[in-house]
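Below is work08.cif, which holds mmCIF, C-alpha atoms (C1' of nucleotides).
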```
data_final
loop_
_atom_site.label_atom_id
_atom_site.label_comp_id
_atom_site.auth_asym_id
_atom_site.auth_seq_id
_atom_site.Cartn_x
_atom_site.Cartn_y
_atom_site.Cartn_z
CA MET A 658 4.00 -0.54 -23.45
CA MET A 659 5.05 1.81 -20.68
CA HIS A 660 1.47 2.62 -19.83
CA MET A 661 -0.11 3.79 -16.61
CA LYS A 662 -2.24 1.12 -15.01
CA THR A 663 -5.98 1.52 -15.01
CA GLY A 664 -5.83 1.15 -11.23
CA VAL A 665 -4.65 4.73 -10.98
CA GLU A 666 -7.60 6.07 -12.92
CA GLN A 667 -10.00 3.91 -10.95
CA SER A 668 -8.50 5.12 -7.70
CA VAL A 669 -8.90 8.74 -8.68
CA TYR A 670 -12.57 8.28 -9.39
CA ALA A 671 -13.00 6.22 -6.25
CA ILE A 672 -11.58 9.08 -4.23
CA LEU A 673 -13.83 11.52 -6.02
CA LEU A 674 -16.73 9.35 -4.92
CA LEU A 675 -15.54 9.22 -1.33
CA ASN A 676 -15.27 12.99 -1.51
CA MET A 677 -19.05 13.14 -1.99
CA LEU A 678 -19.66 11.52 1.39
CA PRO A 679 -20.95 13.60 4.29
CA ASN A 680 -18.83 13.65 7.40
CA LYS A 681 -18.35 10.34 9.25
CA ALA A 682 -20.09 8.34 6.52
CA VAL A 683 -18.35 5.53 4.67
CA LEU A 684 -18.82 3.69 1.38
CA PRO A 685 -18.20 -0.07 1.14
CA CYS A 686 -15.83 -1.47 -1.48
CA GLU A 687 -18.63 -3.43 -3.09
CA ALA A 688 -20.59 -0.29 -3.98
CA ILE A 689 -17.61 1.54 -5.46
CA SER A 690 -16.40 -1.36 -7.54
CA GLN A 691 -19.91 -1.84 -8.84
CA LEU A 692 -20.04 1.73 -10.07
CA LEU A 693 -16.59 1.49 -11.61
CA SER A 694 -17.49 -1.83 -13.25
CA THR A 695 -14.49 -3.59 -11.81
CA SER A 696 -13.82 -6.67 -9.74
CA PRO A 697 -14.63 -6.04 -6.04
CA THR A 698 -11.95 -8.35 -4.69
CA TYR A 699 -9.22 -6.85 -6.77
CA PHE A 700 -10.40 -3.33 -6.24
CA GLN A 701 -10.13 -3.94 -2.53
CA LYS A 702 -6.40 -4.36 -2.99
CA LEU A 703 -6.23 -0.97 -4.66
CA LEU A 704 -8.15 0.58 -1.79
CA ARG A 705 -5.72 -1.10 0.55
CA LYS A 706 -2.86 0.74 -1.11
CA LEU A 707 -4.71 4.01 -0.68
CA VAL A 708 -5.15 3.19 2.98
CA ASN A 709 -1.45 2.44 3.35
CA ALA A 710 -0.69 5.80 1.74
CA ASP A 711 -2.98 7.38 4.33
CA LEU A 712 -5.24 8.86 1.69
CA ILE A 713 -8.33 6.99 2.87
CA THR A 714 -9.40 5.29 6.08
CA SER A 715 -10.99 1.90 6.37
CA VAL A 716 -13.68 0.93 8.87
CA PRO A 717 -14.10 -2.82 9.38
CA GLY A 718 -17.22 -4.64 10.50
CA VAL A 719 -20.87 -4.28 9.61
CA LYS A 720 -21.56 -0.75 8.35
CA GLY A 721 -17.90 -0.56 7.51
CA GLY A 722 -16.32 0.91 4.41
CA PHE A 723 -13.93 3.64 3.33
CA LYS A 724 -13.75 7.38 3.64
CA LEU A 725 -11.22 10.11 3.00
CA THR A 726 -8.52 10.73 5.53
CA LYS A 727 -7.69 14.23 4.36
CA ARG A 728 -9.48 17.21 2.90
CA PRO A 729 -9.81 17.09 -0.90
CA GLU A 730 -7.62 20.20 -1.21
CA ASN A 731 -4.80 18.22 0.34
CA ILE A 732 -4.95 15.25 -2.01
CA CYS A 733 -3.36 15.62 -5.42
CA VAL A 734 -3.37 13.29 -8.39
CA TYR A 735 0.27 12.50 -7.78
CA ASP A 736 -0.51 11.20 -4.30
CA ILE A 737 -2.86 8.68 -5.80
CA TYR A 738 -0.43 7.76 -8.53
CA GLN A 739 2.29 7.15 -6.01
CA ALA A 740 0.03 5.15 -3.73
CA ILE A 741 -0.88 2.76 -6.53
CA GLU A 742 2.25 2.59 -8.63
CA GLY A 743 4.77 2.84 -5.84
CA GLN A 744 7.76 5.14 -5.77
CA LYS A 745 9.88 3.43 -8.35
CA SER A 746 11.27 5.63 -11.08
CA LEU A 747 10.02 5.50 -14.64
CA TYR A 748 13.60 4.89 -15.62
CA SER A 749 16.37 3.13 -13.83
CA SER A 750 19.67 2.32 -15.40
CA SER A 751 20.50 -1.28 -16.13
CA GLY A 752 24.17 -0.44 -15.86
CA ILE A 753 24.94 -1.01 -19.50
CA LEU A 754 27.50 1.76 -19.69
CA GLY A 755 29.24 0.36 -16.66
CA ASP A 756 29.56 -3.01 -18.37
CA MET A 757 30.64 -1.45 -21.64
CA LEU A 758 33.39 0.57 -20.04
CA GLU A 759 34.21 -2.17 -17.55
CA LEU A 760 33.95 0.20 -14.64
CA LYS A 761 33.85 -0.75 -11.00
CA GLN A 762 30.51 -1.04 -9.27
CA GLU A 763 30.94 2.03 -7.10
CA GLU A 764 31.27 4.34 -10.06
CA SER A 765 27.76 5.27 -11.01
CA CYS A 766 27.99 5.81 -14.70
CA CYS A 767 24.72 6.18 -16.52
CA LEU A 768 24.48 8.99 -19.02
CA LEU A 769 20.70 8.91 -18.89
CA THR A 770 19.85 8.77 -15.21
CA GLY A 771 20.25 12.47 -14.56
CA LEU A 772 18.23 13.43 -17.60
CA MET A 773 15.49 10.93 -16.92
CA ASP A 774 15.18 11.93 -13.31
CA GLU A 775 14.73 15.50 -14.41
CA ALA A 776 12.12 14.48 -16.95
CA GLU A 777 10.26 12.45 -14.39
CA TYR A 778 10.36 15.35 -11.97
CA ALA A 779 8.76 17.62 -14.56
CA TRP A 780 6.13 14.99 -15.18
CA LYS A 781 5.26 14.54 -11.54
CA LEU A 782 5.21 18.28 -10.98
CA VAL A 783 2.18 18.59 -13.24
CA MET A 784 0.40 15.78 -11.42
CA LYS A 785 1.06 17.49 -8.12
CA ARG A 786 -0.75 20.60 -9.30
CA GLU A 787 -4.20 19.07 -9.64
CA THR A 788 -6.08 18.34 -6.44
CA ILE A 789 -9.15 16.25 -5.82
CA ALA A 790 -10.96 19.43 -4.83
CA ALA A 791 -10.20 20.91 -8.25
CA LEU A 792 -11.37 17.78 -10.06
CA ALA A 793 -14.56 17.75 -8.00
CA GLU A 794 -15.17 21.33 -9.09
CA LYS A 795 -14.81 20.34 -12.71
CA MET A 796 -17.46 17.68 -12.26
CA LYS A 797 -19.90 20.32 -11.12
CA GLU A 798 -19.45 22.27 -14.31
CA GLN A 799 -21.25 21.71 -17.56
CA PRO A 800 -21.78 19.35 -19.19
CA PHE A 801 -21.38 17.00 -16.22
CA ARG A 802 -23.40 18.92 -13.68
CA LEU A 803 -26.69 17.08 -13.96
CA LYS A 804 -25.14 13.64 -14.04
CA THR A 805 -22.90 14.50 -11.14
CA GLU A 806 -25.90 15.45 -9.02
CA GLU A 807 -27.39 12.11 -9.91
CA LEU A 808 -24.17 10.49 -8.78
CA GLN A 809 -24.35 12.39 -5.50
CA ARG A 810 -27.76 10.88 -4.86
CA TRP A 811 -26.39 7.44 -5.65
CA VAL A 812 -23.67 7.95 -3.06
CA GLN A 813 -26.23 9.05 -0.44
CA GLU A 814 -28.13 5.88 -1.14
CA LYS A 815 -25.20 3.48 -0.90
CA MET A 816 -23.33 5.03 1.99
CA VAL A 817 -23.67 3.80 5.54
CA ALA A 818 -23.61 5.33 9.03
CA MET B 777 5.41 -1.32 -12.86
CA MET B 778 5.18 1.50 -15.38
CA HIS B 779 8.83 1.25 -16.19
CA MET B 780 10.78 2.21 -19.28
CA LYS B 781 12.00 -0.83 -21.17
CA THR B 782 15.67 -1.61 -21.19
CA GLY B 783 15.49 -1.53 -24.97
CA VAL B 784 15.49 2.24 -24.86
CA GLU B 785 18.67 2.40 -22.85
CA GLN B 786 20.30 -0.21 -25.05
CA SER B 787 19.31 1.71 -28.15
CA VAL B 788 20.81 4.92 -26.82
CA TYR B 789 24.14 3.26 -26.21
CA ALA B 790 23.97 1.49 -29.54
CA ILE B 791 23.55 4.82 -31.25
CA LEU B 792 26.41 6.25 -29.25
CA LEU B 793 28.51 3.40 -30.59
CA LEU B 794 27.42 4.01 -34.16
CA ASN B 795 28.34 7.62 -33.62
CA MET B 796 31.95 6.54 -33.17
CA LEU B 797 32.10 5.15 -36.69
CA PRO B 798 34.04 6.97 -39.40
CA ASN B 799 32.09 7.98 -42.46
CA LYS B 800 30.62 5.19 -44.61
CA ALA B 801 31.61 2.50 -42.12
CA VAL B 802 29.03 0.22 -40.51
CA LEU B 803 28.85 -1.98 -37.43
CA PRO B 804 27.08 -5.37 -37.53
CA CYS B 805 24.33 -6.21 -35.05
CA GLU B 806 26.36 -9.07 -33.66
CA ALA B 807 29.18 -6.81 -32.51
CA ILE B 808 26.91 -4.29 -30.82
CA SER B 809 24.81 -6.85 -29.02
CA GLN B 810 27.94 -8.54 -27.82
CA LEU B 811 29.18 -5.33 -26.25
CA LEU B 812 25.78 -4.63 -24.71
CA SER B 813 25.58 -8.20 -23.40
CA THR B 814 22.19 -8.79 -24.96
CA SER B 815 20.65 -11.27 -27.33
CA PRO B 816 21.68 -10.57 -30.94
CA THR B 817 18.44 -11.80 -32.49
CA TYR B 818 16.30 -9.71 -30.25
CA PHE B 819 18.54 -6.71 -30.44
CA GLN B 820 18.15 -6.85 -34.19
CA LYS B 821 14.47 -6.12 -33.73
CA LEU B 822 15.33 -3.04 -31.74
CA LEU B 823 17.68 -1.87 -34.45
CA ARG B 824 14.90 -2.49 -36.93
CA LYS B 825 12.73 -0.01 -35.06
CA LEU B 826 15.50 2.54 -35.18
CA VAL B 827 15.76 1.98 -38.93
CA ASN B 828 12.01 2.46 -39.32
CA ALA B 829 12.30 5.70 -37.38
CA ASP B 830 15.03 6.74 -39.83
CA LEU B 831 17.58 7.18 -37.09
CA ILE B 832 19.94 4.57 -38.48
CA THR B 833 20.49 2.93 -41.86
CA SER B 834 20.95 -0.75 -42.49
CA VAL B 835 23.24 -2.27 -45.08
CA PRO B 836 22.49 -5.90 -45.96
CA GLY B 837 24.89 -8.49 -47.26
CA VAL B 838 28.46 -9.34 -46.40
CA LYS B 839 30.21 -6.35 -44.82
CA GLY B 840 26.78 -5.12 -43.92
CA GLY B 841 25.68 -3.55 -40.68
CA PHE B 842 24.22 -0.33 -39.31
CA LYS B 843 25.24 3.29 -39.27
CA LEU B 844 23.69 6.61 -38.34
CA THR B 845 21.35 8.28 -40.76
CA LYS B 846 21.63 11.74 -39.25
CA ARG B 847 24.24 13.85 -37.52
CA PRO B 848 24.42 13.25 -33.76
CA GLU B 849 23.33 16.83 -33.11
CA ASN B 850 20.06 16.01 -34.82
CA ILE B 851 19.22 12.93 -32.77
CA CYS B 852 17.77 13.45 -29.31
CA VAL B 853 16.99 10.96 -26.58
CA TYR B 854 13.31 11.41 -27.21
CA ASP B 855 13.70 10.30 -30.83
CA ILE B 856 15.11 7.02 -29.62
CA TYR B 857 12.48 6.63 -26.96
CA GLN B 858 9.74 7.17 -29.49
CA ALA B 859 11.30 4.79 -31.99
CA ILE B 860 11.37 1.97 -29.46
CA GLU B 861 8.31 2.59 -27.33
CA GLY B 862 6.05 3.90 -30.04
CA GLN B 863 3.94 7.00 -29.82
CA LYS B 864 1.33 5.79 -27.39
CA SER B 865 0.64 8.03 -24.43
CA LEU B 866 1.73 7.15 -20.92
CA TYR B 867 -1.89 7.59 -19.93
CA SER B 868 -5.06 6.95 -21.86
CA SER B 869 -8.47 7.07 -20.31
CA SER B 870 -10.41 3.86 -19.93
CA GLY B 871 -13.63 5.83 -20.04
CA ILE B 872 -14.58 5.17 -16.45
CA LEU B 873 -16.15 8.57 -15.95
CA GLY B 874 -18.21 8.09 -19.07
CA ASP B 875 -19.56 4.84 -17.69
CA MET B 876 -20.17 6.32 -14.27
CA LEU B 877 -22.12 9.25 -15.62
CA GLU B 878 -23.72 7.17 -18.34
CA LEU B 879 -22.69 9.60 -21.03
CA LYS B 880 -22.82 9.02 -24.72
CA GLN B 881 -19.72 7.92 -26.57
CA GLU B 882 -19.14 11.17 -28.40
CA GLU B 883 -18.80 13.17 -25.21
CA SER B 884 -15.18 12.85 -24.24
CA CYS B 885 -15.29 13.06 -20.52
CA CYS B 886 -12.07 12.20 -18.73
CA LEU B 887 -11.00 14.53 -15.97
CA LEU B 888 -7.43 13.28 -16.18
CA THR B 889 -6.61 13.25 -19.88
CA GLY B 890 -5.84 16.95 -20.14
CA LEU B 891 -3.65 16.92 -17.08
CA MET B 892 -1.83 13.76 -18.04
CA ASP B 893 -1.16 14.97 -21.55
CA GLU B 894 0.37 18.10 -20.10
CA ALA B 895 2.49 16.06 -17.71
CA GLU B 896 3.66 13.82 -20.50
CA TYR B 897 4.52 16.82 -22.62
CA ALA B 898 6.70 18.22 -19.84
CA TRP B 899 8.37 14.85 -19.53
CA LYS B 900 9.13 14.52 -23.20
CA LEU B 901 10.35 18.09 -23.39
CA VAL B 902 13.28 17.21 -21.16
CA MET B 903 14.13 14.18 -23.27
CA LYS B 904 14.09 16.33 -26.38
CA ARG B 905 16.77 18.58 -24.94
CA GLU B 906 19.55 16.04 -24.78
CA THR B 907 21.17 15.07 -28.06
CA ILE B 908 23.45 12.19 -28.92
CA ALA B 909 26.18 14.72 -29.61
CA ALA B 910 25.86 16.03 -26.06
CA LEU B 911 25.95 12.53 -24.59
CA ALA B 912 29.01 11.69 -26.67
CA GLU B 913 30.70 14.78 -25.26
CA LYS B 914 29.97 13.60 -21.74
CA MET B 915 31.64 10.31 -22.48
CA LYS B 916 34.83 12.14 -23.38
CA GLU B 917 34.95 13.84 -20.01
CA GLN B 918 36.42 12.41 -16.86
CA PRO B 919 36.15 9.85 -15.45
CA PHE B 920 35.11 8.07 -18.64
CA ARG B 921 37.67 9.50 -21.01
CA LEU B 922 40.21 6.69 -20.95
CA LYS B 923 37.66 3.92 -21.18
CA THR B 924 35.86 5.71 -23.97
CA GLU B 925 39.02 5.90 -26.02
CA GLU B 926 39.39 2.18 -25.48
CA LEU B 927 35.85 1.77 -26.73
CA GLN B 928 36.69 3.83 -29.79
CA ARG B 929 39.47 1.41 -30.63
CA TRP B 930 37.08 -1.50 -30.16
CA VAL B 931 34.70 0.07 -32.67
CA GLN B 932 37.53 0.57 -35.19
CA GLU B 933 38.32 -3.08 -34.83
CA LYS B 934 34.81 -4.40 -35.27
CA MET B 935 33.57 -2.08 -37.98
CA VAL B 936 33.57 -3.03 -41.62
CA ALA B 937 34.00 -1.23 -44.95
"C1'" DG C 913 41.53 -12.57 -67.39
"C1'" DT C 914 36.73 -12.43 -67.72
"C1'" DA C 915 32.09 -14.32 -66.96
"C1'" DC C 916 29.53 -17.21 -64.21
"C1'" DT C 917 28.43 -19.90 -60.01
"C1'" DT C 918 28.93 -20.94 -55.22
"C1'" DT C 919 29.85 -19.72 -50.71
"C1'" DT C 920 29.60 -16.63 -46.95
"C1'" DA C 921 28.15 -13.02 -43.76
"C1'" DC C 922 25.18 -10.07 -43.06
"C1'" DT C 923 19.96 -8.03 -42.65
"C1'" DC C 924 14.74 -9.02 -42.70
"C1'" DG C 925 10.53 -10.69 -40.68
"C1'" DG C 926 7.51 -14.23 -38.95
"C1'" DA C 927 6.40 -17.92 -35.34
"C1'" DT C 928 7.04 -19.30 -30.94
"C1'" DA C 929 8.45 -19.67 -25.96
"C1'" DC C 930 9.58 -17.73 -21.35
"C1'" DC C 931 8.85 -14.77 -17.70
"C1'" DG C 932 7.27 -10.92 -14.86
"C1'" DT C 933 3.47 -7.79 -13.97
"C1'" DC C 934 -1.34 -6.49 -13.80
"C1'" DT C 935 -5.79 -8.05 -13.15
"C1'" DG C 936 -9.09 -11.16 -11.36
"C1'" DT C 937 -10.72 -14.96 -8.18
"C1'" DC C 938 -10.99 -17.64 -4.06
"C1'" DC C 939 -10.50 -18.56 0.68
"C1'" DG C 940 -9.85 -18.12 5.67
"C1'" DA C 941 -9.39 -14.68 9.34
"C1'" DG C 942 -10.49 -10.35 11.90
"C1'" DT C 943 -13.90 -6.88 13.40
"C1'" DA C 944 -18.01 -4.74 14.88
"C1'" DA C 945 -23.04 -3.89 14.41
"C1'" DT C 946 -27.14 -6.43 14.55
"C1'" DT C 947 -30.00 -10.07 15.93
"C1'" DA C 948 -31.19 -13.99 18.66
"C1'" DT C 949 -31.33 -16.29 23.06
"C1'" DG C 950 -31.71 -17.14 28.19
"C1'" DG C 951 -32.68 -15.76 32.56
"C1'" DC D 1476 -35.21 -5.88 30.51
"C1'" DC D 1477 -30.50 -7.04 30.49
"C1'" DA D 1478 -26.47 -9.87 29.51
"C1'" DT D 1479 -24.57 -13.01 26.51
"C1'" DA D 1480 -24.20 -15.66 22.29
"C1'" DA D 1481 -24.85 -16.19 17.33
"C1'" DT D 1482 -25.34 -14.13 12.96
"C1'" DT D 1483 -24.16 -10.91 9.53
"C1'" DA D 1484 -21.66 -7.62 6.63
"C1'" DC D 1485 -17.96 -5.65 6.13
"C1'" DT D 1486 -12.37 -5.29 5.85
"C1'" DC D 1487 -7.68 -7.84 5.75
"C1'" DG D 1488 -4.20 -10.49 3.50
"C1'" DG D 1489 -2.37 -14.54 1.40
"C1'" DA D 1490 -2.41 -17.96 -2.49
"C1'" DC D 1491 -3.27 -18.76 -7.05
"C1'" DA D 1492 -5.08 -18.47 -12.15
"C1'" DG D 1493 -5.35 -15.87 -16.60
"C1'" DA D 1494 -3.96 -12.26 -19.83
"C1'" DC D 1495 -0.66 -9.47 -21.74
"C1'" DG D 1496 3.72 -7.30 -23.01
"C1'" DG D 1497 8.83 -7.42 -23.13
"C1'" DT D 1498 12.55 -10.33 -23.92
"C1'" DA D 1499 14.66 -14.18 -26.08
"C1'" DT D 1500 15.25 -17.97 -29.54
"C1'" DC D 1501 14.73 -20.25 -33.89
"C1'" DC D 1502 13.87 -20.49 -38.67
"C1'" DG D 1503 13.63 -19.48 -43.63
"C1'" DA D 1504 14.31 -15.73 -46.91
"C1'" DG D 1505 16.71 -11.75 -49.08
"C1'" DT D 1506 21.07 -9.39 -50.28
"C1'" DA D 1507 25.63 -8.42 -51.64
"C1'" DA D 1508 30.61 -9.17 -51.13
"C1'" DA D 1509 33.99 -12.60 -51.59
"C1'" DA D 1510 35.67 -16.87 -53.27
"C1'" DG D 1511 35.73 -20.45 -56.45
"C1'" DT D 1512 35.24 -22.24 -61.31
"C1'" DA D 1513 35.15 -22.58 -66.43
"C1'" DC D 1514 36.68 -21.16 -70.59
#
```

Same coordinates, now as structure tokens:
Amino acid sequence: MMHMKTGVEQSVYAILLLNMLPNKAVLPCEAISQLLSTSPTYFQKLLRKLVNADLITSVPGVKGGFKLTKRPENICVYDIYQAIEGQKSLYSSSGILGDMLELKQEESCCLLTGLMDEAEYAWKLVMKRETIAALAEKMKEQPFRLKTEELQRWVQEKMVA
Amino acid sequence: MMHMKTGVEQSVYAILLLNMLPNKAVLPCEAISQLLSTSPTYFQKLLRKLVNADLITSVPGVKGGFKLTKRPENICVYDIYQAIEGQKSLYSSSGILGDMLELKQEESCCLLTGLMDEAEYAWKLVMKRETIAALAEKMKEQPFRLKTEELQRWVQEKMVA
DNA sequence: GTACTTTTACTCGGATACCGTCTGTCCGAGTAATTATGG
DNA sequence: CCATAATTACTCGGACAGACGGTATCCGAGTAAAAGTAC
């Protein structure tokens, strides 16, 4: 129903978790997926997309796992969205007008494309504003503060190296 | 992949067609779907949604069909989008943060909802700007003008009453 | 010619099927730290 | 003790199954204009 996949939300929280790691430490997929109550094997594929987008780094082998590639100030919600959902537009013309008017292929002729692109741009602009650093700050505020500290301890416990 | 359905685009063009009708005249579903190269029986269900949204009116019986309910200046692209896609948000939290922090149900606790709502608002705002009247004007401009006049004649031919 | 019936051409709405995408699962392969083994 | 081999715990990536939503198809029902029929 034109809905954002849950993978985006999961990825955001995964990155917020990785942001709690001390330098050089990593968190294995298994631990994260357990906290997010999702399937480890599928969640790995999401992490893979984040790796491909150069948002996180993967370390193979025993004591392996994932960690952030960049500073949290340099990761915005849109980056994560794009990594998971790809760069396809929300709208792309099916060429109906072209068929209706029997135009040649080379004449691009959608009355909506320009408008929709603009709308999508406005939408993405808002997602580019919010960074992981800002979200992490919000987690430290009330009423999440206590629980977030608890979460920090959980991360310390599950992390390796 | 988080993509707008083609039904929205088809509906926009259908309404542009209905906008070409003289007063009191209607256009049957069969004719429209034929022009849009889509399945008549399914397209009827789209038209039904537009009727429910009070954008168009249906006339049953022989010489029946569909026509606009409002003036084209009072129909915007967003109205059509909403009629087809419903009013569900692009994003809705799956409550992951709540689970992670083990919060109670009543504490709404999604870090993304506020941001995403704002983004969606910006997106819809652009779609609310463009009216059917404006799109119809664009069709009368070059390089569509000649073909649009041809389309007008086609509508005259297929309309009833 | 008028009243009534039948036909016809539409809309209405439910049931169902197909297909692509998202999610979930399984498996074999790669990698590197740890442990075991042999001298 | 040191070098090498085996084990272990991860990531990597492909293949495949299940669920779900959008699209498409079929059917019977409702509705009203047109056509046919009876008197």

Would you write out, as a compact mmCIF listing (two decimals) with C-alpha atoms (C1' of nucleotides), keeping the file's coordinate frame, every residue that the PyMOL selection byres ((chain C and resi 931) around 10) captures in this file?
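Here's the written file out.txt:
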```
# COMPACT_ATOMS: atom_id res chain seq x y z
C1' DA C 929 8.45 -19.67 -25.96
C1' DC C 930 9.58 -17.73 -21.35
C1' DG C 932 7.27 -10.92 -14.86
C1' DT C 933 3.47 -7.79 -13.97
C1' DG D 1497 8.83 -7.42 -23.13
C1' DT D 1498 12.55 -10.33 -23.92
```

List the residues selected by the PyMOL selection byres ((chain B) within 9 of (chain A)) in the file shown, writing them as a PDB file with C-alpha atoms, in the frame of the given file.
```
ATOM      1  CA  MET B 777       5.410  -1.320 -12.860  1.00  0.00           C
ATOM      2  CA  MET B 778       5.180   1.500 -15.380  1.00  0.00           C
ATOM      3  CA  HIS B 779       8.830   1.250 -16.190  1.00  0.00           C
ATOM      4  CA  MET B 780      10.780   2.210 -19.280  1.00  0.00           C
ATOM      5  CA  LYS B 781      12.000  -0.830 -21.170  1.00  0.00           C
ATOM      6  CA  THR B 782      15.670  -1.610 -21.190  1.00  0.00           C
ATOM      7  CA  GLU B 785      18.670   2.400 -22.850  1.00  0.00           C
ATOM      8  CA  GLN B 786      20.300  -0.210 -25.050  1.00  0.00           C
ATOM      9  CA  VAL B 788      20.810   4.920 -26.820  1.00  0.00           C
ATOM     10  CA  TYR B 789      24.140   3.260 -26.210  1.00  0.00           C
ATOM     11  CA  LEU B 811      29.180  -5.330 -26.250  1.00  0.00           C
ATOM     12  CA  LEU B 812      25.780  -4.630 -24.710  1.00  0.00           C
ATOM     13  CA  SER B 813      25.580  -8.200 -23.400  1.00  0.00           C
ATOM     14  CA  VAL B 853      16.990  10.960 -26.580  1.00  0.00           C
ATOM     15  CA  GLU B 861       8.310   2.590 -27.330  1.00  0.00           C
ATOM     16  CA  GLY B 862       6.050   3.900 -30.040  1.00  0.00           C
ATOM     17  CA  LYS B 864       1.330   5.790 -27.390  1.00  0.00           C
ATOM     18  CA  SER B 865       0.640   8.030 -24.430  1.00  0.00           C
ATOM     19  CA  LEU B 866       1.730   7.150 -20.920  1.00  0.00           C
ATOM     20  CA  TYR B 867      -1.890   7.590 -19.930  1.00  0.00           C
ATOM     21  CA  SER B 868      -5.060   6.950 -21.860  1.00  0.00           C
ATOM     22  CA  SER B 869      -8.470   7.070 -20.310  1.00  0.00           C
ATOM     23  CA  SER B 870     -10.410   3.860 -19.930  1.00  0.00           C
ATOM     24  CA  ILE B 872     -14.580   5.170 -16.450  1.00  0.00           C
ATOM     25  CA  LEU B 873     -16.150   8.570 -15.950  1.00  0.00           C
ATOM     26  CA  ASP B 875     -19.560   4.840 -17.690  1.00  0.00           C
ATOM     27  CA  MET B 876     -20.170   6.320 -14.270  1.00  0.00           C
ATOM     28  CA  LEU B 877     -22.120   9.250 -15.620  1.00  0.00           C
ATOM     29  CA  GLU B 878     -23.720   7.170 -18.340  1.00  0.00           C
ATOM     30  CA  LEU B 879     -22.690   9.600 -21.030  1.00  0.00           C
ATOM     31  CA  CYS B 885     -15.290  13.060 -20.520  1.00  0.00           C
ATOM     32  CA  LEU B 887     -11.000  14.530 -15.970  1.00  0.00           C
ATOM     33  CA  LEU B 888      -7.430  13.280 -16.180  1.00  0.00           C
ATOM     34  CA  LEU B 891      -3.650  16.920 -17.080  1.00  0.00           C
ATOM     35  CA  MET B 892      -1.830  13.760 -18.040  1.00  0.00           C
ATOM     36  CA  GLU B 894       0.370  18.100 -20.100  1.00  0.00           C
ATOM     37  CA  ALA B 895       2.490  16.060 -17.710  1.00  0.00           C
ATOM     38  CA  GLU B 896       3.660  13.820 -20.500  1.00  0.00           C
ATOM     39  CA  TYR B 897       4.520  16.820 -22.620  1.00  0.00           C
ATOM     40  CA  ALA B 898       6.700  18.220 -19.840  1.00  0.00           C
ATOM     41  CA  TRP B 899       8.370  14.850 -19.530  1.00  0.00           C
ATOM     42  CA  LYS B 900       9.130  14.520 -23.200  1.00  0.00           C
ATOM     43  CA  LEU B 901      10.350  18.090 -23.390  1.00  0.00           C
ATOM     44  CA  VAL B 902      13.280  17.210 -21.160  1.00  0.00           C
ATOM     45  CA  MET B 903      14.130  14.180 -23.270  1.00  0.00           C
ATOM     46  CA  GLU B 906      19.550  16.040 -24.780  1.00  0.00           C
ATOM     47  CA  LEU B 911      25.950  12.530 -24.590  1.00  0.00           C
ATOM     48  CA  LYS B 914      29.970  13.600 -21.740  1.00  0.00           C
ATOM     49  CA  MET B 915      31.640  10.310 -22.480  1.00  0.00           C
ATOM     50  CA  PHE B 920      35.110   8.070 -18.640  1.00  0.00           C
ATOM     51  CA  LYS B 923      37.660   3.920 -21.180  1.00  0.00           C
ATOM     52  CA  THR B 924      35.860   5.710 -23.970  1.00  0.00           C
ATOM     53  CA  GLU B 926      39.390   2.180 -25.480  1.00  0.00           C
ATOM     54  CA  LEU B 927      35.850   1.770 -26.730  1.00  0.00           C
TER      55      LEU B 927
END
```

Restrict the distance test to all atoms listed in the file, flag each residue of chain A within 8 Å of chain C, and return the flagged residues as a PyMOL selection string.
-> chain A and resi 662+696+698-699+717-720

Considering all atoms listed in the file, extract the chain D residues located within 12 Å of chain B and return them as a PyMOL selection string.
-> chain D and resi 1496-1502+1505-1509

Could you state which residues are captured by the PyMOL selection byres ((chain D and resi 1504) around 9) in this file, as a PyMOL selection string?
-> (chain C and resi 924-925) or (chain D and resi 1503+1505)
